[in-house]
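Visitor: Dropping in start07.cif, which is mmCIF, C-alpha atoms:
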data_start
loop_
_atom_site.label_atom_id
_atom_site.label_comp_id
_atom_site.auth_asym_id
_atom_site.auth_seq_id
_atom_site.Cartn_x
_atom_site.Cartn_y
_atom_site.Cartn_z
CA ALA A 1 -44.91 83.32 45.00
CA GLU A 2 -43.24 84.87 42.02
CA ALA A 3 -40.10 83.12 40.83
CA ILE A 4 -36.91 85.09 40.41
CA PRO A 5 -36.32 84.72 36.64
CA TYR A 6 -32.60 83.91 36.67
CA LEU A 7 -33.13 81.26 39.36
CA ALA A 8 -36.22 79.66 37.87
CA GLY A 9 -34.34 76.68 36.41
CA SER A 10 -32.42 75.82 39.56
CA PRO A 11 -34.35 74.58 42.59
CA ALA A 12 -31.18 74.51 44.70
CA SER A 13 -30.40 78.14 43.88
CA LEU A 14 -33.97 79.19 44.55
CA GLY A 15 -33.91 77.39 47.89
CA ARG A 16 -30.62 79.03 48.83
CA ALA A 17 -32.00 82.44 47.86
CA TYR A 18 -35.03 81.93 50.08
CA LEU A 19 -32.81 80.76 52.92
CA GLU A 20 -30.45 83.72 52.61
CA THR A 21 -33.36 86.18 52.59
CA GLY A 22 -34.76 84.75 55.81
CA GLU A 23 -37.54 82.68 54.26
CA ALA A 24 -36.47 79.26 55.51
CA ALA A 25 -39.93 77.72 55.21
CA LYS A 26 -40.10 78.61 51.49
CA ALA A 27 -36.59 77.19 50.98
CA ILE A 28 -37.51 73.66 52.03
CA ALA A 29 -39.51 72.48 48.98
CA PRO A 30 -37.02 73.60 46.31
CA LEU A 31 -34.09 72.25 48.31
CA ARG A 32 -35.85 68.89 48.75
CA SER A 33 -36.42 68.71 45.00
CA ALA A 34 -32.70 69.26 44.40
CA LEU A 35 -31.44 66.53 46.78
CA ALA A 36 -31.08 63.84 44.12
CA GLY A 37 -28.50 65.89 42.24
CA ASP A 38 -26.44 66.77 45.32
CA SER A 39 -23.04 65.21 44.76
CA ASP A 40 -21.07 67.30 47.27
CA GLY A 41 -23.46 67.60 50.21
CA SER A 42 -24.12 71.31 49.78
CA VAL A 43 -27.87 70.97 49.14
CA HIS A 44 -28.28 68.64 52.12
CA PHE A 45 -26.41 71.22 54.23
CA GLN A 46 -28.66 74.06 53.08
CA LEU A 47 -31.76 71.96 53.71
CA ALA A 48 -30.46 71.17 57.20
CA ARG A 49 -30.15 74.92 57.85
CA ALA A 50 -33.69 75.55 56.59
CA LEU A 51 -35.13 72.70 58.66
CA GLN A 52 -33.28 73.86 61.77
CA ARG A 53 -34.62 77.39 61.34
CA THR A 54 -38.18 76.09 61.03
CA GLY A 55 -37.96 73.90 64.13
CA ALA A 56 -37.50 70.49 62.50
CA ALA A 57 -34.36 69.71 64.51
CA ALA A 58 -34.39 65.90 64.14
CA GLU A 59 -34.71 66.02 60.35
CA ALA A 60 -32.11 68.80 60.24
CA ARG A 61 -29.63 66.55 62.06
CA GLU A 62 -30.29 63.75 59.55
CA MET A 63 -29.71 66.09 56.58
CA ASP A 64 -26.52 67.34 58.23
CA ARG A 65 -25.33 63.74 58.69
CA LEU A 66 -26.04 62.95 55.02
CA SER A 67 -24.29 66.16 53.98
CA GLN A 68 -21.17 65.09 55.88
CA GLN A 69 -21.24 61.66 54.23
CA LEU A 70 -21.45 63.23 50.77
CA ARG A 71 -18.62 65.67 51.55
CA GLU A 72 -16.41 62.78 52.70
CA LYS A 73 -17.27 60.75 49.59
CA LYS A 74 -16.47 63.73 47.35
CA ALA A 75 -13.14 64.26 49.14
CA LYS A 76 -12.19 60.61 48.67
CA GLN A 77 -13.10 60.80 44.98
CA SER A 78 -10.94 63.89 44.57
CA GLU A 79 -8.03 62.15 46.26
CA ALA A 80 -8.47 59.09 44.04
CA LEU A 81 -8.40 61.27 40.95
CA GLY A 82 -5.15 62.82 42.08
CA ALA A 83 -6.48 66.27 42.74
CA VAL A 84 -3.63 68.73 42.59
CA GLU A 85 -3.34 71.78 44.78
CA ILE A 86 -2.27 74.79 42.79
CA ARG A 87 -0.04 77.19 44.67
CA PRO A 88 1.31 80.57 43.62
CA PHE A 89 5.02 80.80 42.85
#
Give the structure from the file, written as structure tokens.
Guide:
Amino acid sequence: AEAIPYLAGSPASLGRAYLETGEAAKAIAPLRSALAGDSDGSVHFQLARALQRTGAAAEAREMDRLSQQLREKKAKQSEALGAVEIRPF
């Protein structure tokens, strides 16, 4: 498979591109390789979608569970840092 040049350095982006173009099976390997850097759960979520679409329902549920844990952790960190909501005047 030929890499899309502007996505070549980002496995998560490549995996998302495959997923969004209907190639869920091709999305799995790059998304797996990006899991370690997933601080907000988004890569785990995308991998869960890819796994679900390829019939790996049990593993998809596990990735979805881990995604939720990471999202909750990120939300708590944001709260602890005093994240401010910016509203228009």
Visitor: Return as JSON the box centre and box size in Å, one decimal, for an axis-aligned box around all listed atoms of region 28-35 of chain A padded by 4 Å per side.
Guide:
{"center_x": -35.5, "center_y": 70.1, "center_z": 48.2, "size_x": 16.1, "size_y": 15.1, "size_z": 15.6}
Visitor: Given the file shown, determine the residues that the PyMOL selection byres ((chain A and resi 48-58) around 12) selects; report them as number ranges by chain.
Guide: A: 15-32, 35, 41-47, 59-68
Visitor: Find the distance between CA of Ala36 (chain A) and CA of Ser10 (chain A) and write it in Å to one decimal.
Guide: 12.9 Å
Visitor: What does the distance from CA of Ala34 (chain A) to CA of Ala75 (chain A) come to in Å, to one decimal?
Guide: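 Interatomic distance, CA of Ala34 (chain A) to CA of Ala75 (chain A): 20.7 Å.
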Visitor: In Å, how far is it from CA of Gly37 (chain A) to CA of Gln69 (chain A)?
Guide: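 Between these atoms lies a distance of 14.6 Å.
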